[in-house]
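Q: Handing you a structure now.
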Amino acid sequence: MTATEARTELFALVKRAEEDGVSTLIHKRDDHALLVPLARFPAARQPGMFPSHALSAAQKDFGDLITRAAQGQPQVLRRNTTPVAVLLPVTADSSAPSFDTAEHPGAASAGGAVNSPHTQDRGSTPRKLTRLGDAMGAVLTSGPAGGPTFGLPGLDAATGGLQPGKLTLVAARPSVGGSLLGLAAARQTALADHDMVLYAASGPNRDDIFRRIVSAETGGDYPRLKQGRLTEHEQQVAHQLVQAGDLLMIDDGSDLTAVDIAETAPHMEGLALVVVDRLQAARSARLPLSGDRLPDASQVLATLARTLHVPVLAIVDSDDSALLGLLDADVTLTLTPTEDPARVRVTVAERDLGTIGSAYLSPDLLHARFLDAGSALNLPTAGDEPARSLGSAVERELAEAALPYTSGARQGLPAAVTHVLAALRTALAKGDRDSLDGLGTSLAEIATAPPQLPDTDEGRRLTAALNTYASVLAAALNTYDSVPAAAEHPVAGSGHVPADYDDAVGEVELQPGDEEDEPETAVFPALKILKDAVGRSKMHPIPVIGIEARESGPWPLISEHMDGEPRWVHPEVTSTRVPFLRENGNRVRRDQLDVPDSFGAGVMCLIDRNGSYPSACSAVPLAPNKLLHTGPLEAFDKASAGIYLIDIPQWPRTDMPHPLGRIIDRPDEQDRVWVTTPHIKQLARLVREDHLASMPTIHDSWTGKANESLFKPFYEATRKARTELVEAGGEPYKAYKTRLSIALRLLWPKRQEQQSPFWRPDWRMSMVAEASVRHWMAAFKAVQAGHTLIALRNVDAAVFWAPQDTPPATYRIGTGFGEVKAKFIQAGEMIPEGGD
């Protein structure tokens with residue numbers, strides 16, 4: 001063989017040498033060496049006598065070893081610490097090793113093998129040939145291959161399962177779900193077929209993998225599981241998985257290489273499948289399985305598959321054809337999103353034949369899994385239940401219309417709404433009538449006060465489905481008292497905001513004309529002041545990103561979930577939504593918190609922060625000009641601001657919510673999230689104060705030169721006006737809050753047709769994130785001082801368990817910015833909001 005051929009087949013050649021006594025002549029230009037069994041050169045067994053190399057290292061430096069052996073330096077090859085073969089020098093015109101006195105063993109023919117006489121002249125064993133008839137007989141009598149499968153019938157039919165001895169690549173861009181196919185194969189092989197799996201994780205850690213398995217097996221929401229909140233059923237399944245988990249071995253060690261995997265796999269008895277999650281296209285200094293090292297890694301994994309005769313399934317986070325060509329896998333499964341967000345196409349290709357089949361899968365990213373597209377919703381047909389007013393057809397349409405959002409293919413729904421609609425889909429798929437009945441109140445709340453949805457085909461379909469649901473509900477019940485009331489929302493239009501609308505909300509529905517400067521007689525010309533503050537900046541900020549640029553670069557990456565607002569209740573406290581009739585006759589729903597006796601005597605102390613959003617404007621870090629793609633960063637640069645793609649840091653405490661709030665509810669498939677500068681700075685502070693072990697890696701970034709004073713003139717004017725108007729109250733104060741909210745909302749108008757002097761979603765989300773961070777840090781300071789936090793939400797509301805009339809001393813009570821209002825209620829009572 002040539003050195004290149006032998007390098008690829010090294011593990012197989014060594015195995016032939018060990019088991020069959022076969023020697024192989026290897027040449028590299030004018031250098032010749034003989035790979036022989038230890039019996040041909042017993043001195044190789046003596047430790048330290050000759051240079052020795054682990055097989056994985058030998059494969060990497062094989063060309064150099066051939067040269068050294070040819071120069072008269074025997075090179076011992078070992079498996080772990082045990083010598084298994086040796087490379088000996090041999091002259092170009094002689095088939096015998098230059099100092100080996102043992103007789104060169106002949107090759108015995110057997111079982112239809114035909115020995116070529118020419119191989120004797122080469123000083124190597126003859127090639128083993130197989131008659132066509134023998135091969136056909138073996139195939140006809142072997143039956144089904146019986147290799148591992150994905151547990152997805154359509155995909156298994158298209159691929160024929162995972163073939164032993166072959167390297168299969170799953171190629172998918174980030175966020176498409178490639179890793180979930182590797183997990184599906186591992187789950188099916190270990191948990192259903194009860195065969196051994198090696199799961200080599202270069203990216204997700206073992207905790208992530210376990211949570212994904214629990215989520216996929218139970219249908220539990222993956223973001224919730226990441227917070228450590230498991231239902232009783234999920235805990236039972238988790239315990240069962242622990243007991244059955246001896247067949248799924250996870251290697252998530254640092255600096256994991258393909259060679260490490262190749263050295264570990266032979267020691268696993270009964271190994272049926274190797275999954276490598278994942279090969280990263282972008283080079284990372286801390287990930288050996290990345291960048292330009294991938295072709296060599298792929299070669300090692302392909303050799304491992306052939307040597308052990310097991311399937312090796314590797315996920316690569318790219319579908320670039322040039323990269324896939326370099327990786328040269330036996331089989332490639334390419335995942336491609338379709339126009340239907342509920343379907344992903346999987347194209348199956350073999351190296352020599354090209355495309356051989358395809359299948360469609362339905363992404364269910366909320367539950368860390370794929371479903372067969374044809375059976376994503378195995379919904380029951382309408383049953384004989386005339387008494388049930390909602391009818392299965394209405395429920396099915398609502399579940400199907402919500403699928404793009406509940407699967408994670410589209411974003412834009414509040415997390416609570418997503419969870420309810422996902423539960424509806426699961427209940428219908430399982431035919432679980434009890435669960436379906438239990439969702440009635442929550443579905444009614446959503447349908448009677450639907451969230452604002454984007455003006456897309458998916459958004460319009462879901463809006464129509466919710467409207468139909470609400471209409472059927474109203475027609476069937478026809479009684480106001482029986483309809484679960486929805487939470488009250490601000491009335492649309494300028495100047496029409498409920499009296500309990502607080503400074504922090506900032507979520508008015510913009511109307512035509514809101515973008516115009518306020519008249520001279522306005523109580524508070526908020527928009528005019530904000531425009532003037534931006535216009536006076538010496539950094540020449542860019543307040544509007546052109547429409548043509550909004551579909552590319554960093555702008556599609558920014559979402560409302562980047563605000564980081566917490567939605568947290570202490571894990572030992574029970575929260576229930578209860579109906580409430582306000583004094584003005586409006587029916588709403590409010591939280592009721594039940595505190596266990598273990599918390600001791602006390603009452604609930606409700607903290608309401610004043611002016612959270614305008615306060616954040618005093619020093620919000622942002623980039624006034626366009627964001628530039630700055631890619632992976634070794635460390636956070638304080639001189640820059642923008643958005644950053646990071647790993648979700650592990651938060652060890654249970655007495656405080658995660659510092660990133662609801663950001664962690666929507667990770668990508670690699671458990672990464674985009675955050676703005678305020679949260680990066682928050683994490684850095686928590687690391688400095690030893691509350692976090694280390695800063696998360698910044699995998700990607702879009703940044704510009706940082707500035708913290710862009711909105712400061714707006715903040716100062718807002719604070720001054722509030723001081724003057726808060727005592728007056730009434731309509732002037734109400735008008736002040738309305739115009740304040742409109743100005744901040746105009747930083748990023750939701751609707752394309754809405755006119756505005758601004759379009760900077762990064763400014764908007766940085767401002768809200770700064771408010772969230774300040775709210776979180778204030779609560780954390782109280783907890784550190786010994787106070788018990790039982791709920792934290794939005795950017796202004798906190799609930800502590802405290803003695804009567806004794807708010808946490810870390811807060812300042814008052815009406816100014818940075819100060820709070822405090823109210824006390826008994827345990828188990830409804831939590832009032834705003835004007836309640």
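Naming scheme: A, B, ... for chains in displayed order of the structure tokens; residues 1 onward per chain; ligands 1 onward as shown.
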If you count only C-alpha atoms, which residues fall within 6 Å of segment 763-770 of chain A, apart from same-chain ones fewer than 5 positions away, as a ChimeraX atom specification?

A: /A:563-564,616,620,676,678,747

Q: Show me, as a list in words, the residues that have an atom within 7 Å of Leu313 of chain A when counting only C-alpha atoms, minus same-chain residues fewer than 5 positions from it.

A: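 These residues fall inside the cut-off: Leu167, Thr168, Leu169, Gly182, Val274, Val275 and Val276 of chain A.
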
Q: Export, as an mmCIF file, in the first residue's frame, the selected residues with N, CA, C and O atoms.

A:
```cif
data_model
loop_
_atom_site.group_PDB
_atom_site.id
_atom_site.type_symbol
_atom_site.label_atom_id
_atom_site.label_comp_id
_atom_site.auth_asym_id
_atom_site.auth_seq_id
_atom_site.Cartn_x
_atom_site.Cartn_y
_atom_site.Cartn_z
ATOM 1 N N LEU A 167 -19.617 5.910 7.790
ATOM 2 C CA LEU A 167 -19.731 7.212 8.431
ATOM 3 C C LEU A 167 -20.887 7.974 7.789
ATOM 4 O O LEU A 167 -20.890 8.201 6.580
ATOM 5 N N THR A 168 -21.873 8.338 8.604
ATOM 6 C CA THR A 168 -23.018 9.112 8.127
ATOM 7 C C THR A 168 -22.948 10.513 8.725
ATOM 8 O O THR A 168 -22.784 10.663 9.938
ATOM 9 N N LEU A 169 -23.071 11.513 7.871
ATOM 10 C CA LEU A 169 -23.090 12.904 8.321
ATOM 11 C C LEU A 169 -24.513 13.433 8.309
ATOM 12 O O LEU A 169 -25.255 13.201 7.347
ATOM 13 N N GLY A 182 -29.160 13.188 15.789
ATOM 14 C CA GLY A 182 -28.201 12.351 16.511
ATOM 15 C C GLY A 182 -28.786 11.841 17.809
ATOM 16 O O GLY A 182 -28.612 10.671 18.176
ATOM 17 N N VAL A 274 -21.981 4.952 17.317
ATOM 18 C CA VAL A 274 -21.213 6.097 17.801
ATOM 19 C C VAL A 274 -21.874 7.359 17.250
ATOM 20 O O VAL A 274 -22.091 7.468 16.038
ATOM 21 N N VAL A 275 -22.208 8.307 18.120
ATOM 22 C CA VAL A 275 -22.772 9.592 17.709
ATOM 23 C C VAL A 275 -21.783 10.680 18.093
ATOM 24 O O VAL A 275 -21.343 10.736 19.261
ATOM 25 N N VAL A 276 -21.452 11.524 17.151
ATOM 26 C CA VAL A 276 -20.538 12.646 17.404
ATOM 27 C C VAL A 276 -21.329 13.938 17.221
ATOM 28 O O VAL A 276 -21.754 14.268 16.125
#
```

Q: Could you produce a table of the residues of segment 699-786 of chain A lying within 8 Å of segment 544-560 of chain A, with the nearest pair of atoms per residue and their separation in Å rounded to one decimal, using only C-alpha atoms, ordered by chain and increasing residue number, as a tab-separated table?

A:
```
residue	atom	partner	partner_atom	distance
A:Trp702	CA	A:Pro554	CA	6.4
A:Pro757	CA	A:Val544	CA	7.0
A:Phe758	CA	A:Val544	CA	4.9
A:Trp759	CA	A:Val544	CA	4.5
A:Arg760	CA	A:Val544	CA	6.1
A:Pro761	CA	A:Ile558	CA	6.9
A:Asp762	CA	A:Ile558	CA	7.0
A:Met765	CA	A:Glu560	CA	7.0
```

Q: Once you have the residues from the selection above, write them out as a PDB file, in the first residue's frame, restricted to N, CA and C atoms.

A:
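File again-v3.pdb, as written:
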```pdb
ATOM      1  N   TRP A 702     -22.143  40.979  16.768  1.00  0.00           N
ATOM      2  CA  TRP A 702     -22.315  42.147  15.904  1.00  0.00           C
ATOM      3  C   TRP A 702     -22.190  43.355  16.826  1.00  0.00           C
ATOM      4  N   PRO A 757     -39.567  58.066  13.424  1.00  0.00           N
ATOM      5  CA  PRO A 757     -38.236  58.645  13.191  1.00  0.00           C
ATOM      6  C   PRO A 757     -37.120  57.691  13.576  1.00  0.00           C
ATOM      7  N   PHE A 758     -37.484  56.497  14.076  1.00  0.00           N
ATOM      8  CA  PHE A 758     -36.485  55.515  14.493  1.00  0.00           C
ATOM      9  C   PHE A 758     -36.807  54.141  13.897  1.00  0.00           C
ATOM     10  N   TRP A 759     -35.771  53.343  13.739  1.00  0.00           N
ATOM     11  CA  TRP A 759     -35.909  51.888  13.554  1.00  0.00           C
ATOM     12  C   TRP A 759     -34.589  51.282  13.987  1.00  0.00           C
ATOM     13  N   ARG A 760     -34.454  51.117  15.294  1.00  0.00           N
ATOM     14  CA  ARG A 760     -33.241  50.523  15.861  1.00  0.00           C
ATOM     15  C   ARG A 760     -33.634  49.510  16.918  1.00  0.00           C
ATOM     16  N   PRO A 761     -33.939  48.278  16.495  1.00  0.00           N
ATOM     17  CA  PRO A 761     -34.323  47.252  17.475  1.00  0.00           C
ATOM     18  C   PRO A 761     -33.244  46.999  18.517  1.00  0.00           C
ATOM     19  N   ASP A 762     -31.958  47.176  18.166  1.00  0.00           N
ATOM     20  CA  ASP A 762     -30.899  46.964  19.141  1.00  0.00           C
ATOM     21  C   ASP A 762     -30.938  48.023  20.236  1.00  0.00           C
ATOM     22  N   MET A 765     -34.076  47.026  22.495  1.00  0.00           N
ATOM     23  CA  MET A 765     -33.888  45.869  23.342  1.00  0.00           C
ATOM     24  C   MET A 765     -32.773  46.077  24.359  1.00  0.00           C
TER      25      MET A 765
END
```

Q: Looking at A:Pro541, A:Ala399, A:Pro713, A:Arg666, which one is nearest to Lys626 of chain A, with distances taken over only C-alpha atoms?

A: A:Pro541

Q: Which residues come within 12 Å of Ala635 of chain A, counting only C-alpha atoms, excluding same-chain residues fewer than 6 positions away, as a ChimeraX atom specification?

A: /A:644,646,680-681,684,694-701

Q: Please provide as a list of chain:residue names all residues within 6 Å of segment 370-373 of chain A, with the sequence filter that same-chain residues fewer than 3 positions apart are discarded (counting only C-alpha atoms).

A: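 In the requested form, the answer reads A:Leu152, A:Tyr360, A:Leu361, A:Ser362, A:Pro363, A:Asp364, A:Ala376.
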
Q: Using only C-alpha atoms, which residue out of A:Thr8, A:Ser598, A:Thr677, A:Thr332 lies closest to Leu162 of chain A?

A: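 Checking each candidate against Leu162 of chain A, we get A:Thr332 as the closest.
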
Q: Can you pull out every residue within 9 Å of Phe150 of chain A, counting only C-alpha atoms, but drop anything in the same chain fewer than 4 positions away, and send it as number ranges by chain?

A: A: 155-156, 161-162, 181-189

Q: Write out as a ChimeraX atom specification each polymer residue whose atoms come within 7 Å of segment 789-792 of chain A, counting only C-alpha atoms; drop sequence neighbours fewer than 6 positions from it.

A: /A:566-570,573,655,783,798-801

Q: Please measure the separation of atom CA of Asp251 of chain A and atom CA of Arg278 of chain A, giving the value in Å to one decimal.

A: 12.0 Å

Q: Using DSSP on the backbone coordinates, identify all residues within segment 222-465 of chain A classified as helix (DSSP H, G or I); present the result as number ranges by chain.

A: A: 222-226, 232-247, 258-267, 291-308, 321-327, 365-367, 373-375, 391-406, 415-430, 433-438, 440-448, 457-465

Q: Would you please work out which residue, of A:Val84, A:Ala285, A:Ala258, A:Ile446, is nearest to Ala297 of chain A when using only C-alpha atoms?

A: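 Distance minimum relative to Ala297 of chain A lands on A:Ala258.
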
Q: A:Ala444, A:Leu645, A:Val316, A:Val773: which is nearest Gly178 of chain A, counting only C-alpha atoms?

A: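 Ranking A:Ala444, A:Leu645, A:Val316, A:Val773 by distance to Gly178 of chain A, first place goes to A:Val316.
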
Q: Can you work out which one of A:His787, A:His32, A:Lys166, A:His367 has the shortest atom-to-atom distance to Asp330 of chain A, counting only C-alpha atoms?

A: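 Answer, going by the shortest atom-to-atom distance: A:Lys166.
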
Q: Rank nothing, just name the residue among A:Arg685, A:Arg206, A:Arg212, A:Arg224 nearest to Gly253 of chain A, using only C-alpha atoms.

A: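 Distance minimum relative to Gly253 of chain A lands on A:Arg206.
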